[in-house]
file entry.txt (compact mmCIF, C-alpha atoms and all ligand atoms)
# COMPACT_ATOMS: atom_id res chain seq x y z
CA ILE A 27 -62.14 35.71 -3.20
CA SER A 28 -63.61 32.33 -2.43
CA ASN A 29 -62.15 29.93 0.09
CA GLN A 30 -60.99 27.82 -2.78
CA TYR A 31 -58.48 30.50 -3.69
CA MET A 32 -57.73 31.69 -0.19
CA GLN A 33 -56.32 28.40 0.94
CA PRO A 34 -53.43 28.03 -1.47
CA TYR A 35 -52.59 31.67 -0.93
CA GLU A 36 -52.32 31.13 2.81
CA ILE A 37 -50.23 28.02 2.37
CA TYR A 38 -47.91 29.92 0.08
CA GLN A 39 -47.48 32.66 2.67
CA GLU A 40 -46.72 30.08 5.35
CA ASN A 41 -44.07 28.47 3.17
CA MET A 42 -42.46 31.79 2.49
CA LYS A 43 -42.22 32.54 6.19
CA THR A 44 -40.56 29.22 7.00
CA GLU A 45 -38.15 29.59 4.14
CA TYR A 46 -37.21 33.06 5.28
CA GLY A 47 -36.73 31.83 8.83
CA GLN A 48 -34.55 28.94 7.68
CA LYS A 49 -32.34 31.23 5.67
CA ASN A 50 -31.65 33.37 8.69
CA LEU A 51 -31.01 30.32 10.80
CA ALA A 52 -28.63 28.90 8.20
CA LEU A 53 -26.71 32.16 8.10
CA LEU A 54 -26.53 32.47 11.88
CA ASN A 55 -25.32 28.89 12.28
CA LEU A 56 -22.89 29.24 9.44
CA GLU A 57 -21.28 32.40 10.75
CA LYS A 58 -21.00 30.99 14.25
CA ALA A 59 -19.58 27.74 12.90
CA LEU A 60 -17.05 29.55 10.70
CA GLU A 61 -15.95 31.72 13.63
CA GLN A 62 -15.57 28.71 15.90
CA GLU A 63 -13.72 26.78 13.21
CA GLU A 64 -16.22 23.94 13.22
CA PHE A 65 -15.69 23.24 9.54
CA VAL A 66 -12.88 20.86 8.76
CA VAL A 67 -11.37 20.08 5.40
CA CYS A 68 -10.76 16.38 4.78
CA TYR A 69 -8.57 15.15 1.96
CA GLN A 70 -9.36 12.04 -0.06
CA PRO A 71 -6.36 10.79 -2.05
CA VAL A 72 -6.80 9.82 -5.70
CA VAL A 73 -4.52 7.14 -7.17
CA ASP A 74 -3.08 6.48 -10.60
CA GLY A 75 -4.90 3.61 -12.36
CA GLN A 76 -1.67 2.02 -13.54
CA THR A 77 0.73 2.51 -10.63
CA GLY A 78 -1.58 2.90 -7.63
CA GLU A 79 0.48 5.92 -6.58
CA ILE A 80 -1.26 8.94 -5.00
CA VAL A 81 -1.50 11.56 -7.73
CA SER A 82 -3.97 14.10 -6.30
CA ALA A 83 -6.66 14.61 -3.68
CA GLU A 84 -10.11 16.08 -3.29
CA ALA A 85 -10.97 18.47 -0.46
CA LEU A 86 -14.25 17.49 1.22
CA VAL A 87 -15.84 19.52 3.98
CA ARG A 88 -17.03 18.11 7.32
CA TRP A 89 -18.94 19.99 9.98
CA ASN A 90 -17.93 19.21 13.57
CA SER A 91 -20.84 20.77 15.34
CA SER A 92 -20.84 20.61 19.16
CA GLY A 93 -19.67 17.15 20.16
CA ALA A 94 -21.86 15.12 17.79
CA GLU A 95 -20.54 13.02 14.91
CA PRO A 96 -19.09 15.21 12.15
CA MET A 97 -21.79 16.08 9.61
CA VAL A 98 -21.29 15.15 5.96
CA PRO A 99 -22.04 17.71 3.23
CA SER A 100 -25.33 16.12 2.15
CA VAL A 101 -26.81 17.29 5.46
CA PHE A 102 -25.96 20.98 5.10
CA VAL A 103 -24.57 21.78 1.63
CA PRO A 104 -27.96 21.72 -0.19
CA GLU A 105 -29.46 24.18 2.30
CA LEU A 106 -26.46 26.47 2.05
CA GLU A 107 -26.70 26.29 -1.73
CA ASP A 108 -30.38 27.19 -1.72
CA SER A 109 -29.81 30.17 0.53
CA GLY A 110 -26.64 31.30 -1.24
CA TYR A 111 -24.43 31.04 1.83
CA ILE A 112 -22.43 28.20 0.32
CA THR A 113 -20.06 30.81 -1.11
CA LYS A 114 -19.02 31.86 2.39
CA LEU A 115 -18.19 28.26 3.23
CA ASP A 116 -16.44 27.56 -0.05
CA THR A 117 -14.31 30.67 0.39
CA TYR A 118 -13.14 29.25 3.70
CA ILE A 119 -12.52 25.78 2.20
CA ASP A 120 -10.61 27.23 -0.74
CA GLN A 121 -8.44 29.40 1.51
CA THR A 122 -7.71 26.44 3.78
CA VAL A 123 -6.58 24.36 0.82
CA HIS A 124 -4.43 27.25 -0.45
CA ARG A 125 -2.72 27.49 2.94
CA PHE A 126 -2.20 23.73 2.99
CA GLN A 127 -0.55 23.83 -0.43
CA GLU A 128 1.53 26.93 0.36
CA GLU A 129 2.88 25.43 3.58
CA ARG A 130 3.94 22.22 1.88
CA TYR A 131 5.46 24.14 -1.00
CA CYS A 132 7.49 26.41 1.31
CA GLN A 133 8.74 23.35 3.20
CA GLU A 134 9.72 21.77 -0.12
CA LYS A 135 7.51 18.75 0.55
CA ARG A 136 5.95 16.50 -2.05
CA MET A 137 3.08 18.25 -3.82
CA VAL A 138 -0.02 16.87 -5.53
CA PRO A 139 -2.96 18.84 -6.94
CA VAL A 140 -5.85 19.27 -4.49
CA ALA A 141 -9.34 19.81 -5.91
CA VAL A 142 -11.93 22.11 -4.35
CA ASN A 143 -15.63 21.65 -5.14
CA LEU A 144 -17.31 24.80 -6.43
CA SER A 145 -21.04 25.39 -6.43
CA ARG A 146 -23.02 27.18 -9.08
CA MET A 147 -23.46 30.07 -6.66
CA ASP A 148 -19.69 30.44 -6.33
CA LEU A 149 -19.28 30.81 -10.08
CA MET A 150 -21.97 33.47 -10.24
CA ASP A 151 -20.44 35.51 -7.43
CA GLY A 152 -18.04 38.07 -8.87
CA ARG A 153 -16.26 38.60 -5.55
CA MET A 154 -15.65 34.87 -5.18
CA THR A 155 -14.27 34.40 -8.68
CA GLU A 156 -12.09 37.51 -8.41
CA ARG A 157 -10.71 36.39 -5.08
CA ILE A 158 -9.81 32.95 -6.44
CA PHE A 159 -8.27 34.49 -9.53
CA THR A 160 -6.16 36.97 -7.55
CA GLU A 161 -5.04 34.33 -5.09
CA ILE A 162 -3.97 32.01 -7.90
CA GLN A 163 -2.05 34.82 -9.58
CA GLU A 164 -0.27 35.89 -6.42
CA THR A 165 0.75 32.53 -4.97
CA LYS A 166 4.25 31.13 -5.35
CA VAL A 167 2.81 27.62 -5.69
CA PRO A 168 2.79 26.37 -9.30
CA LYS A 169 -0.77 26.61 -10.69
CA GLN A 170 -1.01 22.91 -11.52
CA TYR A 171 -1.47 22.18 -7.80
CA PHE A 172 -4.80 23.99 -7.77
CA ARG A 173 -7.86 22.30 -9.19
CA TYR A 174 -11.59 22.89 -9.15
CA GLU A 175 -14.49 20.48 -9.60
CA ILE A 176 -17.87 21.60 -10.81
CA ILE A 177 -21.01 19.67 -11.59
CA GLU A 178 -22.76 19.91 -14.91
CA SER A 179 -25.76 21.89 -13.71
CA ALA A 180 -23.29 24.55 -12.57
CA CYS A 181 -21.85 24.99 -16.08
CA THR A 182 -25.14 25.12 -17.88
CA ILE A 183 -26.47 27.90 -15.69
CA ILE A 184 -23.45 30.13 -15.24
CA SER A 185 -23.12 33.42 -17.04
CA THR A 186 -20.49 34.28 -19.61
CA GLN A 187 -18.65 35.85 -16.70
CA GLY A 188 -18.49 32.46 -14.98
CA GLU A 189 -17.40 30.82 -18.20
CA GLU A 190 -14.63 33.35 -18.69
CA PHE A 191 -13.52 32.78 -15.14
CA LEU A 192 -13.13 29.02 -15.66
CA GLU A 193 -11.37 29.55 -18.97
CA SER A 194 -8.96 32.09 -17.51
CA LEU A 195 -8.10 29.69 -14.69
CA ARG A 196 -7.44 26.96 -17.23
CA GLN A 197 -5.19 29.27 -19.23
CA GLN A 198 -3.10 29.79 -16.12
CA GLY A 199 -2.67 26.03 -15.69
CA VAL A 200 -5.37 25.39 -13.08
CA GLN A 201 -7.29 22.22 -13.91
CA ILE A 202 -11.07 22.11 -14.11
CA PHE A 203 -12.82 18.77 -13.66
CA LEU A 204 -16.44 17.98 -14.46
CA ASP A 205 -17.90 16.24 -11.40
CA ASP A 206 -20.59 13.53 -11.25
CA PHE A 207 -20.40 12.95 -14.99
CA GLY A 208 -23.26 10.93 -16.42
CA THR A 209 -25.95 12.13 -14.03
CA GLY A 210 -26.73 15.48 -15.61
CA VAL A 211 -29.46 16.39 -18.05
CA SER A 212 -27.42 17.51 -21.05
CA THR A 213 -24.20 15.65 -20.53
CA PHE A 214 -23.08 15.56 -24.17
CA GLU A 215 -23.82 19.21 -24.79
CA THR A 216 -21.83 20.14 -21.71
CA VAL A 217 -18.68 18.32 -22.79
CA ARG A 218 -19.10 19.62 -26.31
CA ASP A 219 -19.53 23.25 -25.34
CA TYR A 220 -17.08 23.57 -22.44
CA THR A 221 -13.49 22.51 -21.93
CA PHE A 222 -12.52 20.31 -19.02
CA ASP A 223 -9.29 18.59 -18.12
CA ALA A 224 -11.08 15.52 -16.82
CA LEU A 225 -14.45 13.89 -16.26
CA LYS A 226 -15.32 12.38 -12.92
CA LEU A 227 -17.38 9.29 -13.58
CA ASP A 228 -20.23 9.35 -11.10
CA MET A 229 -20.22 6.86 -8.27
CA GLY A 230 -23.60 5.51 -9.37
CA PHE A 231 -21.97 3.85 -12.38
CA VAL A 232 -19.09 2.47 -10.33
CA LYS A 233 -21.52 0.86 -7.86
CA LYS A 234 -23.16 -1.10 -10.70
CA ILE A 235 -19.95 -2.47 -12.21
CA GLY A 236 -20.37 -6.20 -12.84
CA LYS A 237 -24.08 -6.03 -11.99
CA ASP A 238 -25.59 -4.30 -14.98
CA GLN A 239 -24.38 -4.79 -18.54
CA LYS A 240 -25.95 -1.59 -19.80
CA SER A 241 -24.33 0.43 -17.07
CA ASP A 242 -20.95 -1.22 -17.78
CA ALA A 243 -21.32 -0.27 -21.45
CA ILE A 244 -21.85 3.34 -20.39
CA VAL A 245 -18.72 3.26 -18.24
CA VAL A 246 -16.58 1.93 -21.10
CA SER A 247 -18.08 4.52 -23.46
CA ILE A 248 -17.50 7.42 -21.08
CA ILE A 249 -13.82 6.48 -20.74
CA ASP A 250 -13.55 6.29 -24.54
CA LEU A 251 -15.45 9.54 -25.03
CA ALA A 252 -13.23 11.39 -22.56
CA HIS A 253 -10.05 10.12 -24.20
CA ARG A 254 -11.28 11.01 -27.69
CA MET A 255 -11.92 14.53 -26.44
CA GLY A 256 -8.48 14.78 -24.86
CA MET A 257 -9.72 14.48 -21.28
CA LYS A 258 -8.70 12.20 -18.42
CA VAL A 259 -11.18 10.12 -16.43
CA VAL A 260 -11.41 9.83 -12.66
CA ALA A 261 -13.75 7.17 -11.28
CA GLU A 262 -15.18 7.91 -7.85
CA GLY A 263 -16.66 5.66 -5.20
CA ILE A 264 -14.54 2.56 -5.81
CA GLU A 265 -15.19 0.18 -2.94
CA ASN A 266 -13.88 -3.19 -4.11
CA GLN A 267 -11.32 -4.92 -6.25
CA GLN A 268 -13.80 -5.96 -8.93
CA GLN A 269 -14.65 -2.32 -9.61
CA SER A 270 -10.99 -1.36 -9.58
CA ASP A 271 -10.00 -4.19 -11.94
CA PHE A 272 -12.77 -3.36 -14.40
CA LEU A 273 -11.92 0.34 -14.50
CA ARG A 274 -8.18 -0.24 -14.85
CA ALA A 275 -8.75 -2.84 -17.59
CA HIS A 276 -10.74 -0.23 -19.51
CA GLY A 277 -8.11 2.46 -19.18
CA CYS A 278 -9.60 4.67 -16.46
CA ASP A 279 -6.81 7.11 -15.62
CA TYR A 280 -7.40 7.84 -11.95
CA LEU A 281 -9.24 6.08 -9.15
CA GLN A 282 -10.85 7.45 -6.00
CA GLY A 283 -12.78 5.52 -3.36
CA PHE A 284 -12.86 3.87 0.04
CA TYR A 285 -11.13 0.81 -1.48
CA TYR A 286 -8.00 3.00 -1.68
CA TYR A 287 -8.42 5.78 0.86
CA LYS A 288 -11.22 7.38 2.82
CA PRO A 289 -11.30 11.14 3.29
CA MET A 290 -8.79 11.95 6.07
CA SER A 291 -7.55 14.85 8.16
CA ALA A 292 -4.95 17.26 6.80
CA GLU A 293 -2.34 15.83 9.20
CA LYS A 294 -2.95 12.27 8.08
CA PHE A 295 -2.89 13.26 4.44
CA SER A 296 0.36 15.19 4.94
CA LYS A 297 2.00 12.20 6.62
CA LEU A 298 0.83 9.94 3.82
CA LEU A 299 2.39 12.23 1.22
CA ASP A 300 5.61 12.49 3.21
CA LYS A 301 6.05 8.70 3.35
P1 LIG A 401 -18.45 14.83 -4.77
O1 LIG A 401 -17.69 16.07 -5.08
O2 LIG A 401 -18.88 13.98 -5.90
O3 LIG A 401 -17.50 14.04 -3.76
C1 LIG A 401 -17.38 12.65 -3.70
C2 LIG A 401 -18.17 12.08 -2.55
O4 LIG A 401 -18.07 10.66 -2.57
C3 LIG A 401 -17.67 12.47 -1.16
O5 LIG A 401 -18.80 12.55 -0.32
C4 LIG A 401 -16.81 11.27 -0.77
O6 LIG A 401 -16.61 11.14 0.63
C5 LIG A 401 -17.65 10.17 -1.33
N1 LIG A 401 -16.90 8.94 -1.57
C6 LIG A 401 -15.64 8.80 -2.01
N2 LIG A 401 -15.31 7.51 -2.14
C7 LIG A 401 -16.41 6.79 -1.79
C8 LIG A 401 -16.69 5.37 -1.71
O7 LIG A 401 -15.88 4.52 -2.02
N3 LIG A 401 -17.94 5.04 -1.31
C9 LIG A 401 -18.88 5.96 -0.96
N4 LIG A 401 -20.06 5.51 -0.56
N5 LIG A 401 -18.64 7.29 -1.01
C10 LIG A 401 -17.42 7.70 -1.42
P2 LIG A 401 -19.02 13.72 0.69
O8 LIG A 401 -17.72 14.15 1.31
O9 LIG A 401 -20.13 13.32 1.60
O10 LIG A 401 -19.50 14.89 -0.25
C11 LIG A 401 -20.70 14.82 -0.96
C12 LIG A 401 -20.83 15.96 -1.93
O11 LIG A 401 -20.90 17.21 -1.24
C13 LIG A 401 -19.64 16.10 -2.86
O12 LIG A 401 -19.76 15.19 -3.91
C14 LIG A 401 -19.76 17.54 -3.27
O13 LIG A 401 -20.69 17.68 -4.30
C15 LIG A 401 -20.29 18.19 -2.03
N6 LIG A 401 -19.19 18.81 -1.28
C16 LIG A 401 -18.26 18.26 -0.50
N7 LIG A 401 -17.40 19.18 -0.02
C17 LIG A 401 -17.81 20.36 -0.54
C18 LIG A 401 -17.33 21.71 -0.43
O14 LIG A 401 -16.32 22.03 0.24
N8 LIG A 401 -18.03 22.67 -1.12
C19 LIG A 401 -19.11 22.35 -1.88
N9 LIG A 401 -19.72 23.35 -2.52
N10 LIG A 401 -19.57 21.12 -2.00
C20 LIG A 401 -18.93 20.13 -1.35
MG MG A 402 -16.16 16.54 -6.23
MG MG A 403 -18.70 13.44 -7.66
MG MG A 404 -21.55 14.47 -5.93
call {"tool": "encode", "arguments": {"input": "entry.txt", "output": "structure tokens"}}
result
Amino acid sequence: ISNQYMQPYEIYQENMKTEYGQKNLALLNLEKALEQEEFVVCYQPVVDGQTGEIVSAEALVRWNSSGAEPMVPSVFVPELEDSGYITKLDTYIDQTVHRFQEERYCQEKRMVPVAVNLSRMDLMDGRMTERIFTEIQETKVPKQYFRYEIIESACTIISTQGEEFLESLRQQGVQIFLDDFGTGVSTFETVRDYTFDALKLDMGFVKKIGKDQKSDAIVVSIIDLAHRMGMKVVAEGIENQQQSDFLRAHGCDYLQGFYYYKPMSAEKFSKLLDK
């Protein structure tokens, strides 16, 4: 074999080694962090477009690793997804949200649905889907208070088993939302072939409101499309009144963004609901 062919081969081997090393590191860190309860679930309230009242929330993970600023998911979620360990984390997040809902329900406090983000890996993991399914069946909390968000690329790749899982959750009254709508590769096929309770309009479109006529036309069309298909629309990433006014004027059902509420601790969120 000439040098010409040797080189890429060597590079490939090097890459494989690093990748393998990183996977182990990710797992080690993850297990330590889970044990030491470094992962925190934040809750970002979602408001009704007409009344401004809090109608639900989304659970968003933060990683408080040794003294530093809490890490946001973009720093560690992609790596955990690539290595498959995301399911371990999402199991923890899901169980934390279940406990949160069960406690409030037992104390007869005001309830709103709380959404958990699921990765593609979660939907392909039979133990994960079975655990969620069993937990939902066994809880005393009415099913409408549990909700899952998945992104389009997750639906297009999952097996029939994953599809059946989502459908069986829906049949029990658990809502399934399609996250980051408008950014995927086969957006229309996805909403045609799968059933969702709502579309989450991606933040990228919200950011451009009032700045780009084409983008605004897409926003209006997505709201119309969702309604024609019997789905609700949640807009995410609303940061100012102009964005809020535009979305409400065009009939967007629910609004989520820093303009209303930032993600907050469970205690803060509880107090807010109790008010
Ligand atoms: P996502 O599910 O689309 O979540 C919405 C993201 O938008 C959150 O970012 C939220 O903090 C952010 N956001 C909300 N309102 C505003 C706003 O007005 N302005 C701006 N600039 N951002 C806003 P976050 O928490 O950093 O999460 C990023 C992504 O990481 C999420 O996107 C989701 O895909 C993923 N993620 C978060 N938590 C989990 C989790 O527990 N499990 C999994 N598998 N993925 C998660
Ligand atoms: Mg989400
Ligand atoms: Mg999103
Ligand atoms: Mg996202």
call {"tool": "residues_around", "arguments": {"input": "entry.txt", "residues": "stretch 187-193 of chain A", "least_positions_apart": "4", "cutoff": "8 Å", "atoms": "all atoms listed in the file", "output": "NGL selection string"}}
result
:A and (149-150 or 155 or 159 or 181 or 197 or 202 or 221)
call {"tool": "residues_near_ligand", "arguments": {"input": "entry.txt", "ligand": "ligand MG 402 (chain A)", "cutoff": "10 Å", "atoms": "only C-alpha atoms and all ligand atoms", "output": "PDB file with C-alpha atoms, keeping the file's coordinate frame"}}
result
ATOM      1  CA  GLU A  84     -10.110  16.080  -3.290  1.00  0.00           C
ATOM      2  CA  ALA A  85     -10.970  18.470  -0.460  1.00  0.00           C
ATOM      3  CA  LEU A  86     -14.250  17.490   1.220  1.00  0.00           C
ATOM      4  CA  ALA A 141      -9.340  19.810  -5.910  1.00  0.00           C
ATOM      5  CA  VAL A 142     -11.930  22.110  -4.350  1.00  0.00           C
ATOM      6  CA  ASN A 143     -15.630  21.650  -5.140  1.00  0.00           C
ATOM      7  CA  LEU A 144     -17.310  24.800  -6.430  1.00  0.00           C
ATOM      8  CA  TYR A 174     -11.590  22.890  -9.150  1.00  0.00           C
ATOM      9  CA  GLU A 175     -14.490  20.480  -9.600  1.00  0.00           C
ATOM     10  CA  ILE A 176     -17.870  21.600 -10.810  1.00  0.00           C
ATOM     11  CA  ILE A 177     -21.010  19.670 -11.590  1.00  0.00           C
ATOM     12  CA  PHE A 203     -12.820  18.770 -13.660  1.00  0.00           C
ATOM     13  CA  LEU A 204     -16.440  17.980 -14.460  1.00  0.00           C
ATOM     14  CA  ASP A 205     -17.900  16.240 -11.400  1.00  0.00           C
ATOM     15  CA  ASP A 206     -20.590  13.530 -11.250  1.00  0.00           C
ATOM     16  CA  LYS A 226     -15.320  12.380 -12.920  1.00  0.00           C
ATOM     17  CA  ASP A 228     -20.230   9.350 -11.100  1.00  0.00           C
ATOM     18  CA  GLU A 262     -15.180   7.910  -7.850  1.00  0.00           C
TER      19      GLU A 262
END
call {"tool": "residues_around", "arguments": {"input": "entry.txt", "residues": "A:Gly110", "least_positions_apart": "4", "cutoff": "9 Å", "atoms": "only C-alpha atoms", "output": "count of residues only"}}
result
6
call {"tool": "atom_distance", "arguments": {"input": "entry.txt", "atom1": "atom CA of A:Ile235", "atom2": "atom CA of A:Gln269"}}
result
5.9 Å
call {"tool": "residues_near_ligand", "arguments": {"input": "entry.txt", "ligand": "ligand LIG 401 (chain A)", "cutoff": "6 Å", "atoms": "only C-alpha atoms and all ligand atoms", "output": "compact mmCIF listing (two decimals) with C-alpha atoms, keeping the file's coordinate frame"}}
result
# COMPACT_ATOMS: atom_id res chain seq x y z
CA LEU A 86 -14.25 17.49 1.22
CA VAL A 87 -15.84 19.52 3.98
CA VAL A 98 -21.29 15.15 5.96
CA PRO A 99 -22.04 17.71 3.23
CA SER A 100 -25.33 16.12 2.15
CA ASP A 116 -16.44 27.56 -0.05
CA ILE A 119 -12.52 25.78 2.20
CA ASN A 143 -15.63 21.65 -5.14
CA LEU A 144 -17.31 24.80 -6.43
CA SER A 145 -21.04 25.39 -6.43
CA ASP A 206 -20.59 13.53 -11.25
CA GLU A 262 -15.18 7.91 -7.85
CA GLY A 263 -16.66 5.66 -5.20
CA ILE A 264 -14.54 2.56 -5.81
CA GLU A 265 -15.19 0.18 -2.94
CA GLN A 282 -10.85 7.45 -6.00
CA GLY A 283 -12.78 5.52 -3.36
CA PHE A 284 -12.86 3.87 0.04
CA PRO A 289 -11.30 11.14 3.29
call {"tool": "atom_distance", "arguments": {"input": "entry.txt", "atom1": "atom CA of A:Asn266", "atom2": "atom CA of A:Lys237"}}
result
13.2 Å
call {"tool": "decode", "arguments": {"input": "entry.txt", "residues": "stretch 162-190 of chain A", "atoms": "C-alpha atoms", "output": "short mmCIF file (atom, residue, chain, number, x, y, z; two decimals), in the first residue's frame"}}
result
data_model
loop_
_atom_site.label_atom_id
_atom_site.label_comp_id
_atom_site.auth_asym_id
_atom_site.auth_seq_id
_atom_site.Cartn_x
_atom_site.Cartn_y
_atom_site.Cartn_z
CA ILE A 162 -47.94 6.85 32.77
CA GLN A 163 -50.29 3.92 33.27
CA GLU A 164 -49.58 3.60 36.98
CA THR A 165 -49.67 7.24 38.06
CA LYS A 166 -52.70 8.78 39.74
CA VAL A 167 -52.04 12.05 37.89
CA PRO A 168 -54.41 12.59 34.95
CA LYS A 169 -52.54 11.83 31.69
CA GLN A 170 -53.14 15.28 30.21
CA TYR A 171 -50.46 16.67 32.56
CA PHE A 172 -47.76 14.67 30.81
CA ARG A 173 -46.43 15.84 27.47
CA TYR A 174 -43.50 15.00 25.24
CA GLU A 175 -41.72 17.07 22.60
CA ILE A 176 -39.82 15.50 19.76
CA ILE A 177 -38.03 17.02 16.81
CA GLU A 178 -38.79 16.03 13.27
CA SER A 179 -35.58 14.11 12.64
CA ALA A 180 -36.57 11.90 15.56
CA CYS A 181 -39.88 10.90 13.94
CA THR A 182 -38.49 10.20 10.53
CA ILE A 183 -35.89 7.80 11.85
CA ILE A 184 -37.77 5.91 14.54
CA SER A 185 -38.95 2.37 14.03
CA THR A 186 -42.54 1.22 13.94
CA GLN A 187 -41.99 0.37 17.59
CA GLY A 188 -41.25 4.03 18.33
CA GLU A 189 -44.26 5.11 16.30
CA GLU A 190 -46.52 2.73 18.17
#
